[in-house]
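**Q** PDB, C-alpha atoms, pLDDT in the B column, saved as coords.pdb, coming up:
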ATOM      1  CA  TYR A   2       0.000   0.000   0.000  1.00 93.00           C
ATOM      2  CA  ILE A   3       1.513   3.340  -1.084  1.00 94.00           C
ATOM      3  CA  ARG A   4      -0.009   6.738  -0.287  1.00 95.00           C
ATOM      4  CA  ALA A   5       1.226   8.831  -3.218  1.00 95.00           C
ATOM      5  CA  GLN A   6       2.982  12.094  -2.389  1.00 96.00           C
ATOM      6  CA  SER A   7       2.503  13.536  -5.880  1.00 96.00           C
ATOM      7  CA  LEU A   8       0.799  12.772  -9.171  1.00 96.00           C
ATOM      8  CA  GLU A   9       4.219  12.209 -10.701  1.00 96.00           C
ATOM      9  CA  GLN A  10       5.003   9.511  -8.149  1.00 96.00           C
ATOM     10  CA  ALA A  11       1.599   7.912  -8.639  1.00 95.00           C
ATOM     11  CA  TYR A  12       2.064   7.844 -12.408  1.00 95.00           C
ATOM     12  CA  GLU A  13       5.536   6.305 -12.181  1.00 95.00           C
ATOM     13  CA  LEU A  14       4.354   3.637  -9.757  1.00 94.00           C
ATOM     14  CA  ASN A  15       1.374   2.822 -11.943  1.00 94.00           C
ATOM     15  CA  GLN A  16       3.608   1.935 -14.900  1.00 93.00           C
ATOM     16  CA  LYS A  17       4.850  -1.147 -13.076  1.00 91.00           C
ATOM     17  CA  LYS A  18       3.157  -4.489 -13.613  1.00 89.00           C
ATOM     18  CA  GLY A  19       0.719  -5.353 -10.848  1.00 89.00           C
ATOM     19  CA  SER A  20       0.225  -1.750  -9.734  1.00 91.00           C
ATOM     20  CA  CYS A  21      -3.275  -0.402  -9.271  1.00 90.00           C
ATOM     21  CA  VAL A  22      -4.691   3.022  -8.408  1.00 92.00           C
ATOM     22  CA  LEU A  23      -7.273   2.919  -5.630  1.00 89.00           C
ATOM     23  CA  GLY A  24     -10.500   4.765  -6.252  1.00 85.00           C
ATOM     24  CA  GLY A  25     -13.105   3.761  -3.724  1.00 81.00           C
ATOM     25  CA  GLY A  26     -11.693   0.230  -3.910  1.00 79.00           C
ATOM     26  CA  LEU A  27     -15.187  -1.223  -4.191  1.00 82.00           C
ATOM     27  CA  TRP A  28     -14.738  -3.325  -7.324  1.00 75.00           C
ATOM     28  CA  LEU A  29     -11.103  -4.341  -6.798  1.00 78.00           C
ATOM     29  CA  ARG A  30     -12.047  -7.268  -4.572  1.00 72.00           C
ATOM     30  CA  LEU A  31     -13.981  -8.742  -7.500  1.00 72.00           C
ATOM     31  CA  SER A  32     -10.940  -8.649  -9.762  1.00 75.00           C
ATOM     32  CA  LYS A  33      -8.851 -11.761 -10.300  1.00 79.00           C
ATOM     33  CA  ASN A  34      -5.729  -9.776 -11.155  1.00 80.00           C
ATOM     34  CA  PRO A  35      -3.006  -9.876  -8.480  1.00 85.00           C
ATOM     35  CA  ILE A  36      -2.120  -6.432  -7.076  1.00 88.00           C
ATOM     36  CA  SER A  37       1.476  -5.892  -6.014  1.00 90.00           C
ATOM     37  CA  ALA A  38       1.155  -2.168  -5.273  1.00 91.00           C
ATOM     38  CA  ALA A  39      -2.056  -0.342  -4.311  1.00 92.00           C
ATOM     39  CA  ILE A  40      -1.656   3.400  -4.982  1.00 94.00           C
ATOM     40  CA  ASP A  41      -3.757   5.798  -2.887  1.00 94.00           C
ATOM     41  CA  LEU A  42      -4.407   9.294  -4.299  1.00 95.00           C
ATOM     42  CA  GLY A  43      -6.233  10.383  -1.148  1.00 92.00           C
ATOM     43  CA  GLY A  44      -3.581  12.876  -0.035  1.00 93.00           C
ATOM     44  CA  LEU A  45      -3.349  14.847  -3.289  1.00 95.00           C
ATOM     45  CA  GLY A  46      -6.315  17.193  -2.832  1.00 94.00           C
ATOM     46  CA  LEU A  47      -8.397  15.589  -5.571  1.00 96.00           C
ATOM     47  CA  ASP A  48     -11.549  15.288  -3.453  1.00 95.00           C
ATOM     48  CA  THR A  49     -13.011  18.749  -4.137  1.00 96.00           C
ATOM     49  CA  ILE A  50     -15.636  20.204  -6.457  1.00 97.00           C
ATOM     50  CA  GLU A  51     -14.685  23.692  -7.612  1.00 97.00           C
ATOM     51  CA  GLU A  52     -17.109  25.942  -9.447  1.00 96.00           C
ATOM     52  CA  THR A  53     -16.484  28.967 -11.626  1.00 95.00           C
ATOM     53  CA  GLY A  54     -18.837  30.937 -13.813  1.00 94.00           C
ATOM     54  CA  ALA A  55     -17.870  28.756 -16.767  1.00 96.00           C
ATOM     55  CA  ALA A  56     -17.410  25.225 -15.425  1.00 97.00           C
ATOM     56  CA  PHE A  57     -17.349  22.652 -12.644  1.00 98.00           C
ATOM     57  CA  SER A  58     -13.982  21.065 -11.825  1.00 98.00           C
ATOM     58  CA  ILE A  59     -14.563  17.688 -10.170  1.00 98.00           C
ATOM     59  CA  GLY A  60     -11.577  15.915  -8.619  1.00 97.00           C
ATOM     60  CA  ALA A  61     -11.057  12.225  -9.276  1.00 96.00           C
ATOM     61  CA  MET A  62     -11.408  11.338  -5.576  1.00 96.00           C
ATOM     62  CA  VAL A  63     -14.768  13.076  -5.088  1.00 96.00           C
ATOM     63  CA  PRO A  64     -17.249  10.511  -3.693  1.00 96.00           C
ATOM     64  CA  LEU A  65     -20.394   9.955  -5.710  1.00 95.00           C
ATOM     65  CA  ARG A  66     -22.534  10.936  -2.732  1.00 96.00           C
ATOM     66  CA  ARG A  67     -20.918  14.379  -2.527  1.00 95.00           C
ATOM     67  CA  LEU A  68     -21.584  14.962  -6.216  1.00 95.00           C
ATOM     68  CA  GLU A  69     -25.136  13.654  -5.872  1.00 94.00           C
ATOM     69  CA  THR A  70     -25.894  16.203  -3.135  1.00 95.00           C
ATOM     70  CA  HIS A  71     -23.907  19.179  -4.478  1.00 96.00           C
ATOM     71  CA  PRO A  72     -26.474  22.012  -4.692  1.00 96.00           C
ATOM     72  CA  SER A  73     -24.951  23.877  -7.634  1.00 96.00           C
ATOM     73  CA  PHE A  74     -24.308  20.763  -9.710  1.00 97.00           C
ATOM     74  CA  LEU A  75     -27.831  19.525  -9.045  1.00 95.00           C
ATOM     75  CA  ALA A  76     -29.224  22.912 -10.032  1.00 96.00           C
ATOM     76  CA  TYR A  77     -27.174  23.032 -13.241  1.00 96.00           C
ATOM     77  CA  THR A  78     -28.290  19.548 -14.312  1.00 95.00           C
ATOM     78  CA  ARG A  79     -31.871  20.330 -13.239  1.00 92.00           C
ATOM     79  CA  GLY A  80     -31.855  17.348 -10.916  1.00 92.00           C
ATOM     80  CA  ALA A  81     -30.605  14.874 -13.542  1.00 94.00           C
ATOM     81  CA  ALA A  82     -27.409  14.189 -11.580  1.00 95.00           C
ATOM     82  CA  GLY A  83     -29.449  13.054  -8.602  1.00 93.00           C
ATOM     83  CA  GLU A  84     -31.632  10.878 -10.814  1.00 92.00           C
ATOM     84  CA  ALA A  85     -28.527   9.227 -12.274  1.00 93.00           C
ATOM     85  CA  LEU A  86     -26.571   8.699  -9.056  1.00 94.00           C
ATOM     86  CA  SER A  87     -29.148   8.017  -6.351  1.00 91.00           C
ATOM     87  CA  PRO A  88     -30.113   4.509  -7.633  1.00 90.00           C
ATOM     88  CA  ILE A  89     -26.491   3.265  -7.339  1.00 91.00           C
ATOM     89  CA  VAL A  90     -26.575   0.548  -4.626  1.00 89.00           C
ATOM     90  CA  GLY A  91     -26.935   2.640  -1.443  1.00 88.00           C
ATOM     91  CA  VAL A  92     -25.716   5.728   0.411  1.00 92.00           C
ATOM     92  CA  GLN A  93     -22.888   3.843   2.159  1.00 91.00           C
ATOM     93  CA  PHE A  94     -21.631   2.620  -1.208  1.00 91.00           C
ATOM     94  CA  ARG A  95     -21.832   6.086  -2.794  1.00 93.00           C
ATOM     95  CA  ASN A  96     -19.911   7.541   0.152  1.00 91.00           C
ATOM     96  CA  LEU A  97     -16.972   5.345  -0.904  1.00 91.00           C
ATOM     97  CA  ALA A  98     -17.230   5.094  -4.694  1.00 93.00           C
ATOM     98  CA  THR A  99     -15.342   7.881  -6.455  1.00 94.00           C
ATOM     99  CA  VAL A 100     -15.957   9.817  -9.653  1.00 95.00           C
ATOM    100  CA  GLY A 101     -12.493   8.958 -10.961  1.00 93.00           C
ATOM    101  CA  GLY A 102     -12.829   5.247 -10.274  1.00 91.00           C
ATOM    102  CA  SER A 103     -16.226   5.154 -11.958  1.00 91.00           C
ATOM    103  CA  ILE A 104     -15.080   7.030 -15.073  1.00 94.00           C
ATOM    104  CA  PHE A 105     -11.620   5.492 -15.484  1.00 91.00           C
ATOM    105  CA  GLY A 106     -13.042   1.976 -15.181  1.00 85.00           C
ATOM    106  CA  ARG A 107     -15.336   2.601 -18.182  1.00 86.00           C
ATOM    107  CA  PHE A 108     -17.670  -0.003 -16.741  1.00 84.00           C
ATOM    108  CA  GLY A 109     -20.379  -1.213 -19.053  1.00 83.00           C
ATOM    109  CA  PHE A 110     -22.977  -0.824 -16.291  1.00 85.00           C
ATOM    110  CA  SER A 111     -21.907   2.696 -15.276  1.00 88.00           C
ATOM    111  CA  ASP A 112     -24.642   5.232 -14.565  1.00 91.00           C
ATOM    112  CA  VAL A 113     -21.829   7.735 -13.887  1.00 94.00           C
ATOM    113  CA  LEU A 114     -20.237   7.462 -17.317  1.00 95.00           C
ATOM    114  CA  THR A 115     -23.671   7.679 -18.928  1.00 96.00           C
ATOM    115  CA  LEU A 116     -24.460  10.905 -17.049  1.00 96.00           C
ATOM    116  CA  PHE A 117     -21.210  12.684 -17.853  1.00 97.00           C
ATOM    117  CA  LEU A 118     -21.307  11.735 -21.541  1.00 97.00           C
ATOM    118  CA  ALA A 119     -24.562  13.685 -21.805  1.00 96.00           C
ATOM    119  CA  LEU A 120     -22.797  16.782 -20.443  1.00 97.00           C
ATOM    120  CA  ASP A 121     -20.001  18.815 -22.034  1.00 97.00           C
ATOM    121  CA  THR A 122     -17.288  16.935 -20.149  1.00 97.00           C
ATOM    122  CA  ARG A 123     -13.531  16.813 -20.559  1.00 98.00           C
ATOM    123  CA  VAL A 124     -11.135  14.476 -18.755  1.00 97.00           C
ATOM    124  CA  GLU A 125      -7.757  15.643 -17.448  1.00 97.00           C
ATOM    125  CA  LEU A 126      -5.155  12.880 -17.502  1.00 97.00           C
ATOM    126  CA  TYR A 127      -1.724  13.261 -15.918  1.00 96.00           C
ATOM    127  CA  HIS A 128       0.225  12.065 -18.964  1.00 95.00           C
ATOM    128  CA  ALA A 129      -2.124  12.450 -21.941  1.00 93.00           C
ATOM    129  CA  GLY A 130      -3.499  15.866 -21.006  1.00 95.00           C
ATOM    130  CA  THR A 131      -7.097  16.974 -21.451  1.00 96.00           C
ATOM    131  CA  VAL A 132      -9.394  15.116 -23.848  1.00 96.00           C
ATOM    132  CA  PRO A 133     -13.173  15.014 -24.420  1.00 97.00           C
ATOM    133  CA  LEU A 134     -14.839  12.343 -22.313  1.00 97.00           C
ATOM    134  CA  GLU A 135     -16.405  10.767 -25.393  1.00 95.00           C
ATOM    135  CA  GLU A 136     -12.941  10.234 -26.865  1.00 95.00           C
ATOM    136  CA  PHE A 137     -11.589   8.919 -23.559  1.00 95.00           C
ATOM    137  CA  ALA A 138     -14.488   6.499 -23.116  1.00 93.00           C
ATOM    138  CA  ALA A 139     -13.743   4.890 -26.485  1.00 91.00           C
ATOM    139  CA  ARG A 140     -10.088   4.243 -25.642  1.00 90.00           C
ATOM    140  CA  GLN A 141      -8.658   0.999 -24.347  1.00 88.00           C
ATOM    141  CA  PRO A 142      -7.567   0.964 -20.676  1.00 86.00           C
ATOM    142  CA  ASP A 143      -4.043   2.196 -20.009  1.00 90.00           C
ATOM    143  CA  CYS A 144      -1.827   3.179 -17.068  1.00 92.00           C
ATOM    144  CA  ASP A 145      -2.445   6.921 -17.035  1.00 94.00           C
ATOM    145  CA  ILE A 146      -3.848   8.764 -13.988  1.00 95.00           C
ATOM    146  CA  LEU A 147      -7.227  10.480 -14.143  1.00 96.00           C
ATOM    147  CA  VAL A 148      -6.893  13.805 -12.309  1.00 97.00           C
ATOM    148  CA  ARG A 149     -10.279  15.516 -12.705  1.00 97.00           C
ATOM    149  CA  LEU A 150     -13.330  16.086 -14.850  1.00 97.00           C
ATOM    150  CA  THR A 151     -14.300  19.500 -16.179  1.00 98.00           C
ATOM    151  CA  VAL A 152     -17.951  20.092 -17.019  1.00 98.00           C
ATOM    152  CA  ALA A 153     -18.586  23.238 -19.060  1.00 97.00           C
ATOM    153  CA  LYS A 154     -21.666  25.208 -18.047  1.00 96.00           C
ATOM    154  CA  ARG A 155     -23.504  25.261 -21.336  1.00 95.00           C
ATOM    155  CA  PRO A 156     -27.138  26.346 -21.085  1.00 92.00           C
ATOM    156  CA  GLY A 157     -29.289  23.285 -21.436  1.00 93.00           C
ATOM    157  CA  HIS A 158     -31.837  20.785 -20.213  1.00 95.00           C
ATOM    158  CA  PHE A 159     -30.977  17.302 -18.951  1.00 96.00           C
ATOM    159  CA  ALA A 160     -32.754  14.074 -18.023  1.00 96.00           C
ATOM    160  CA  CYS A 161     -31.618  10.677 -16.763  1.00 96.00           C
ATOM    161  CA  LEU A 162     -33.640   7.465 -16.643  1.00 95.00           C
ATOM    162  CA  SER A 163     -32.837   3.836 -15.922  1.00 94.00           C
ATOM    163  CA  MET A 164     -34.515   0.466 -15.613  1.00 95.00           C
ATOM    164  CA  ARG A 165     -33.575  -1.930 -12.813  1.00 93.00           C
ATOM    165  CA  ASN A 166     -35.031  -5.287 -11.881  1.00 92.00           C
ATOM    166  CA  SER A 167     -34.687  -4.320  -8.220  1.00 88.00           C
ATOM    167  CA  ARG A 168     -33.961  -1.056  -6.432  1.00 84.00           C
ATOM    168  CA  THR A 169     -30.238  -1.540  -5.759  1.00 83.00           C
ATOM    169  CA  ASP A 170     -29.335  -3.835  -8.656  1.00 86.00           C
ATOM    170  CA  PHE A 171     -27.187  -2.971 -11.651  1.00 89.00           C
ATOM    171  CA  PRO A 172     -29.273  -1.322 -14.382  1.00 93.00           C
ATOM    172  CA  VAL A 173     -30.800  -3.291 -17.218  1.00 95.00           C
ATOM    173  CA  LEU A 174     -30.439  -0.065 -19.203  1.00 96.00           C
ATOM    174  CA  THR A 175     -29.404   3.435 -18.240  1.00 95.00           C
ATOM    175  CA  CYS A 176     -29.981   6.555 -20.359  1.00 96.00           C
ATOM    176  CA  ALA A 177     -29.128  10.237 -20.239  1.00 97.00           C
ATOM    177  CA  PHE A 178     -30.440  12.984 -22.508  1.00 97.00           C
ATOM    178  CA  SER A 179     -29.405  16.583 -23.032  1.00 96.00           C
ATOM    179  CA  ARG A 180     -30.295  19.587 -25.116  1.00 94.00           C
ATOM    180  CA  MET A 181     -27.513  22.169 -25.068  1.00 93.00           C
ATOM    181  CA  GLU A 182     -27.767  25.225 -27.313  1.00 89.00           C
ATOM    182  CA  GLY A 183     -29.910  23.324 -29.826  1.00 86.00           C
ATOM    183  CA  GLU A 184     -27.758  20.158 -29.818  1.00 92.00           C
ATOM    184  CA  TYR A 185     -29.504  16.964 -28.737  1.00 95.00           C
ATOM    185  CA  ARG A 186     -27.513  14.123 -27.251  1.00 96.00           C
ATOM    186  CA  ALA A 187     -28.738  10.690 -26.108  1.00 97.00           C
ATOM    187  CA  VAL A 188     -26.483   8.316 -24.173  1.00 97.00           C
ATOM    188  CA  TYR A 189     -27.115   4.632 -23.507  1.00 97.00           C
ATOM    189  CA  GLY A 190     -25.267   2.469 -20.997  1.00 95.00           C
ATOM    190  CA  ALA A 191     -25.666  -1.060 -19.593  1.00 95.00           C
ATOM    191  CA  ARG A 192     -26.611  -2.258 -23.090  1.00 93.00           C
ATOM    192  CA  PRO A 193     -24.815  -4.376 -21.620  1.00 92.00           C
ATOM    193  CA  GLY A 194     -21.686  -2.525 -22.677  1.00 89.00           C
ATOM    194  CA  ARG A 195     -19.809   0.726 -22.356  1.00 91.00           C
ATOM    195  CA  ALA A 196     -22.055   3.768 -22.771  1.00 94.00           C
ATOM    196  CA  VAL A 197     -22.403   5.176 -26.292  1.00 95.00           C
ATOM    197  CA  VAL A 198     -23.542   8.579 -27.543  1.00 96.00           C
ATOM    198  CA  LEU A 199     -26.233   8.970 -30.198  1.00 97.00           C
ATOM    199  CA  ARG A 200     -26.827  12.304 -31.917  1.00 95.00           C
ATOM    200  CA  ASP A 201     -29.691  13.444 -34.104  1.00 94.00           C
ATOM    201  CA  GLY A 202     -28.003  12.677 -37.402  1.00 90.00           C
ATOM    202  CA  GLU A 203     -31.347  12.515 -39.208  1.00 92.00           C
ATOM    203  CA  GLY A 204     -32.602  15.887 -37.966  1.00 93.00           C
ATOM    204  CA  LEU A 205     -35.652  14.262 -36.395  1.00 95.00           C
ATOM    205  CA  LEU A 206     -35.627  16.800 -33.565  1.00 94.00           C
ATOM    206  CA  ALA A 207     -34.789  19.836 -35.695  1.00 91.00           C
ATOM    207  CA  GLY A 208     -38.209  21.300 -35.041  1.00 89.00           C
ATOM    208  CA  GLY A 209     -38.028  20.649 -31.307  1.00 90.00           C
ATOM    209  CA  VAL A 210     -39.417  17.924 -29.088  1.00 93.00           C
ATOM    210  CA  THR A 211     -43.039  17.000 -29.650  1.00 93.00           C
ATOM    211  CA  GLU A 212     -44.838  13.745 -29.028  1.00 94.00           C
ATOM    212  CA  ASP A 213     -44.377  12.799 -32.699  1.00 95.00           C
ATOM    213  CA  SER A 214     -40.692  13.795 -32.955  1.00 95.00           C
ATOM    214  CA  ALA A 215     -39.912  12.059 -29.658  1.00 96.00           C
ATOM    215  CA  ARG A 216     -41.492   8.846 -30.958  1.00 96.00           C
ATOM    216  CA  ALA A 217     -39.606   9.137 -34.250  1.00 97.00           C
ATOM    217  CA  PHE A 218     -36.252   9.623 -32.537  1.00 97.00           C
ATOM    218  CA  ALA A 219     -37.043   6.803 -30.110  1.00 97.00           C
ATOM    219  CA  ARG A 220     -37.576   4.415 -33.037  1.00 97.00           C
ATOM    220  CA  TYR A 221     -34.353   5.688 -34.633  1.00 97.00           C
ATOM    221  CA  ALA A 222     -32.440   5.080 -31.385  1.00 97.00           C
ATOM    222  CA  ALA A 223     -33.803   1.545 -31.079  1.00 97.00           C
ATOM    223  CA  GLU A 224     -32.525   0.831 -34.606  1.00 96.00           C
ATOM    224  CA  GLN A 225     -29.106   2.429 -34.105  1.00 96.00           C
ATOM    225  CA  VAL A 226     -27.986   1.411 -30.615  1.00 97.00           C
ATOM    226  CA  PRO A 227     -26.613  -2.149 -30.370  1.00 96.00           C
ATOM    227  CA  THR A 228     -27.736  -4.277 -27.426  1.00 96.00           C
ATOM    228  CA  GLY A 229     -26.889  -7.668 -26.023  1.00 95.00           C
ATOM    229  CA  SER A 230     -28.181 -10.206 -23.532  1.00 95.00           C
ATOM    230  CA  ASN A 231     -27.059 -11.125 -20.027  1.00 93.00           C
ATOM    231  CA  LEU A 232     -28.642 -12.402 -16.818  1.00 91.00           C
ATOM    232  CA  ARG A 233     -30.527  -9.104 -16.310  1.00 91.00           C
ATOM    233  CA  GLY A 234     -32.234  -8.904 -19.663  1.00 92.00           C
ATOM    234  CA  SER A 235     -32.266  -9.940 -23.293  1.00 96.00           C
ATOM    235  CA  ALA A 236     -31.175  -7.884 -26.283  1.00 96.00           C
ATOM    236  CA  PRO A 237     -34.768  -7.510 -27.603  1.00 97.00           C
ATOM    237  CA  TYR A 238     -35.927  -6.332 -24.169  1.00 97.00           C
ATOM    238  CA  ARG A 239     -33.141  -3.735 -24.004  1.00 97.00           C
ATOM    239  CA  THR A 240     -34.004  -2.529 -27.497  1.00 97.00           C
ATOM    240  CA  HIS A 241     -37.612  -2.139 -26.377  1.00 97.00           C
ATOM    241  CA  LEU A 242     -36.425  -0.205 -23.314  1.00 97.00           C
ATOM    242  CA  ILE A 243     -34.341   2.106 -25.505  1.00 97.00           C
ATOM    243  CA  GLU A 244     -37.444   3.103 -27.438  1.00 97.00           C
ATOM    244  CA  VAL A 245     -39.596   3.584 -24.331  1.00 97.00           C
ATOM    245  CA  LEU A 246     -37.018   5.459 -22.228  1.00 97.00           C
ATOM    246  CA  THR A 247     -35.900   7.621 -25.149  1.00 97.00           C
ATOM    247  CA  ARG A 248     -39.412   8.912 -25.714  1.00 97.00           C
ATOM    248  CA  ARG A 249     -39.845   9.598 -22.001  1.00 96.00           C
ATOM    249  CA  GLY A 250     -36.426  11.239 -21.691  1.00 96.00           C
ATOM    250  CA  LEU A 251     -36.917  13.556 -24.642  1.00 96.00           C
ATOM    251  CA  LEU A 252     -40.343  14.630 -23.422  1.00 95.00           C
ATOM    252  CA  ALA A 253     -38.771  15.326 -20.033  1.00 93.00           C
ATOM    253  CA  LEU A 254     -36.359  17.742 -21.768  1.00 89.00           C
ATOM    254  CA  GLY A 255     -39.369  19.539 -23.269  1.00 73.00           C
ATOM    255  CA  GLY A 256     -39.463  22.681 -25.387  1.00 56.00           C
ATOM    256  CA  LYS A 257     -37.670  23.645 -28.572  1.00 50.00           C
TER     257      LYS A 257
END
Just give me the structure of the file as C-alpha cells.
**A**
Amino acid sequence: YIRAQSLEQAYELNQKKGSCVLGGGLWLRLSKNPISAAIDLGGLGLDTIEETGAAFSIGAMVPLRRLETHPSFLAYTRGAAGEALSPIVGVQFRNLATVGGSIFGRFGFSDVLTLFLALDTRVELYHAGTVPLEEFAARQPDCDILVRLTVAKRPGHFACLSMRNSRTDFPVLTCAFSRMEGEYRAVYGARPGRAVVLRDGEGLLAGGVTEDSARAFARYAAEQVPTGSNLRGSAPYRTHLIEVLTRRGLLALGGK
C-alpha cells in the first residue's frame, strides 16, 4: 500500500506491472488480477468540487454521494445528476465510490459514465493531457492517472432514466439525454456494454421535441444502438427499453 505524495510519483508507480490506483476500492475485490502495489491518491487534494462561472472542476477522488448532493451541480443539471446517481446501490456505497474510479473503469454498467457523456465533459489525464470524455471512453484501458473532470456550463436541459429489476441492482439499461444550445444528445449504458452517444443525425428533432418527434427519434435510437443479452435482460428487451425510455427522456427535456 503506497499513499502517493505527488501525481508524478503515482504515475511512475502505476507503470509497473501489478500496480493499481485505488478509487473507492469497491470493485477491486472482485478482480482476479493480483495487485502488487495499491496506490492511494487520497492525499493529493483531488476530493473537491470547484465551481467557476464557466465550469465545474470535479476531482477524481470526489465521492459519488458528494456529487449527488452538491447544490450547484444539481441545479445546473436540473436534478438529472441526482436521478442518475441516487439509484447506485446505497448511500454507504456512494460515500466510498469515487468519480475517478467510476469514469476510469469505463464499466459497461456505469450510470456515472452515462451521465457525464450527456454533459459537455472533458477528462484531465496526468500524462495524456485533457481530452473530451467521449474520446476517452472509447479508448482501451491504459496506465495513465485520471486527475479531474471539467464540465462546461452550457445552457441546457438534462434528463436521466434507468430500468432496474430491483432497487439496488445494476441497471438493465441506463440513459441520459441533453439539449444544449440546440444540440440533442442521447447516451445509452448497460446495453450491456460501455455507454455510447447517439446524436440526431437525421434531424428528427430539428423542429423541437413533440410527441411525434420524440417517438420518431425513439424508433431511430432503437434501430441504431446495439444491445446484447445477459442475466438481467435480453437484447430484444433492451431494445424495447431504448425506445420507451428515449421517448420519455426527450419529453422530459421539453421545449424547442
**Q** What is the atom CA of A:Phe218 to atom CA of A:Phe178 distance in Å?
**A**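 The value is 12.1 Å.
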**Q** Can you list, as a PDB file with C-alpha atoms, keeping the file's coordinate frame, every protein, DNA or RNA residue that comes within 6 Å of stretch 152-156 of chain A when you count all atoms listed in the file, leaving out same-chain residues fewer than 6 positions away?
**A**
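Here's the written file part-v3.pdb:
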ATOM      1  CA  ALA A  55     -17.870  28.756 -16.767  1.00 96.00           C
ATOM      2  CA  ALA A  56     -17.410  25.225 -15.425  1.00 97.00           C
ATOM      3  CA  PHE A  57     -17.349  22.652 -12.644  1.00 98.00           C
ATOM      4  CA  ASP A 121     -20.001  18.815 -22.034  1.00 97.00           C
ATOM      5  CA  THR A 122     -17.288  16.935 -20.149  1.00 97.00           C
ATOM      6  CA  MET A 181     -27.513  22.169 -25.068  1.00 93.00           C
TER       7      MET A 181
END
**Q** Once the PyMOL selection byres ((chain A and resi 242-255) around 10) has been evaluated on this model, what residues remain selected, and can you format them as number ranges by chain?
**A** A: 79, 157-164, 173-180, 185-189, 192, 206, 209-224, 226, 228, 236-241, 256-257
**Q** To one decimal in Å, tell me the separation between atom CA of A:Gln6 and atom CA of A:Ser37.
**A**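 Going from atom CA of A:Gln6 over to atom CA of A:Ser37, I get 18.4 Å.
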**Q** Using all atoms listed in the file, which of the listed residues (A:Gly194, A:Gly60, A:Gly229, A:Gly25) sits closest to A:Ala139?
**A**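 Among A:Gly194, A:Gly60, A:Gly229, A:Gly25, it is A:Gly194 that comes nearest to A:Ala139.
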**Q** Set the distance at 10 Å and use only C-alpha atoms: which residues neighbour A:Ile59 once local chain neighbours fewer than 4 positions away are removed? I'd like the list as a list in words.
**A**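 After dropping sequence-adjacent residues, the list is Leu47, Asp48, Thr49, Ile50, Glu51, Glu52, Val63, Leu68, Val100, Gly101, Val124, Val148, Arg149, Leu150, Thr151 and Val152 of chain A.
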**Q** In Å, with one decimal, what is the gap from atom CA of A:Arg95 to atom CA of A:Ala138?
**A**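 Interatomic distance, atom CA of A:Arg95 to atom CA of A:Ala138: 21.6 Å.
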**Q** For A:Arg233, which residue out of A:Ala191, A:Leu199, A:Cys21, A:Leu147 is the nearest one, using only C-alpha atoms?
**A**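 Closest residue, counting only C-alpha atoms: A:Ala191.
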**Q** Looking at all atoms listed in the file, which of A:Trp28, A:Thr131, A:Ala81, A:Glu136 is the one that sits closest to A:Phe108?
**A**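 Result for the nearest residue to A:Phe108: A:Trp28.
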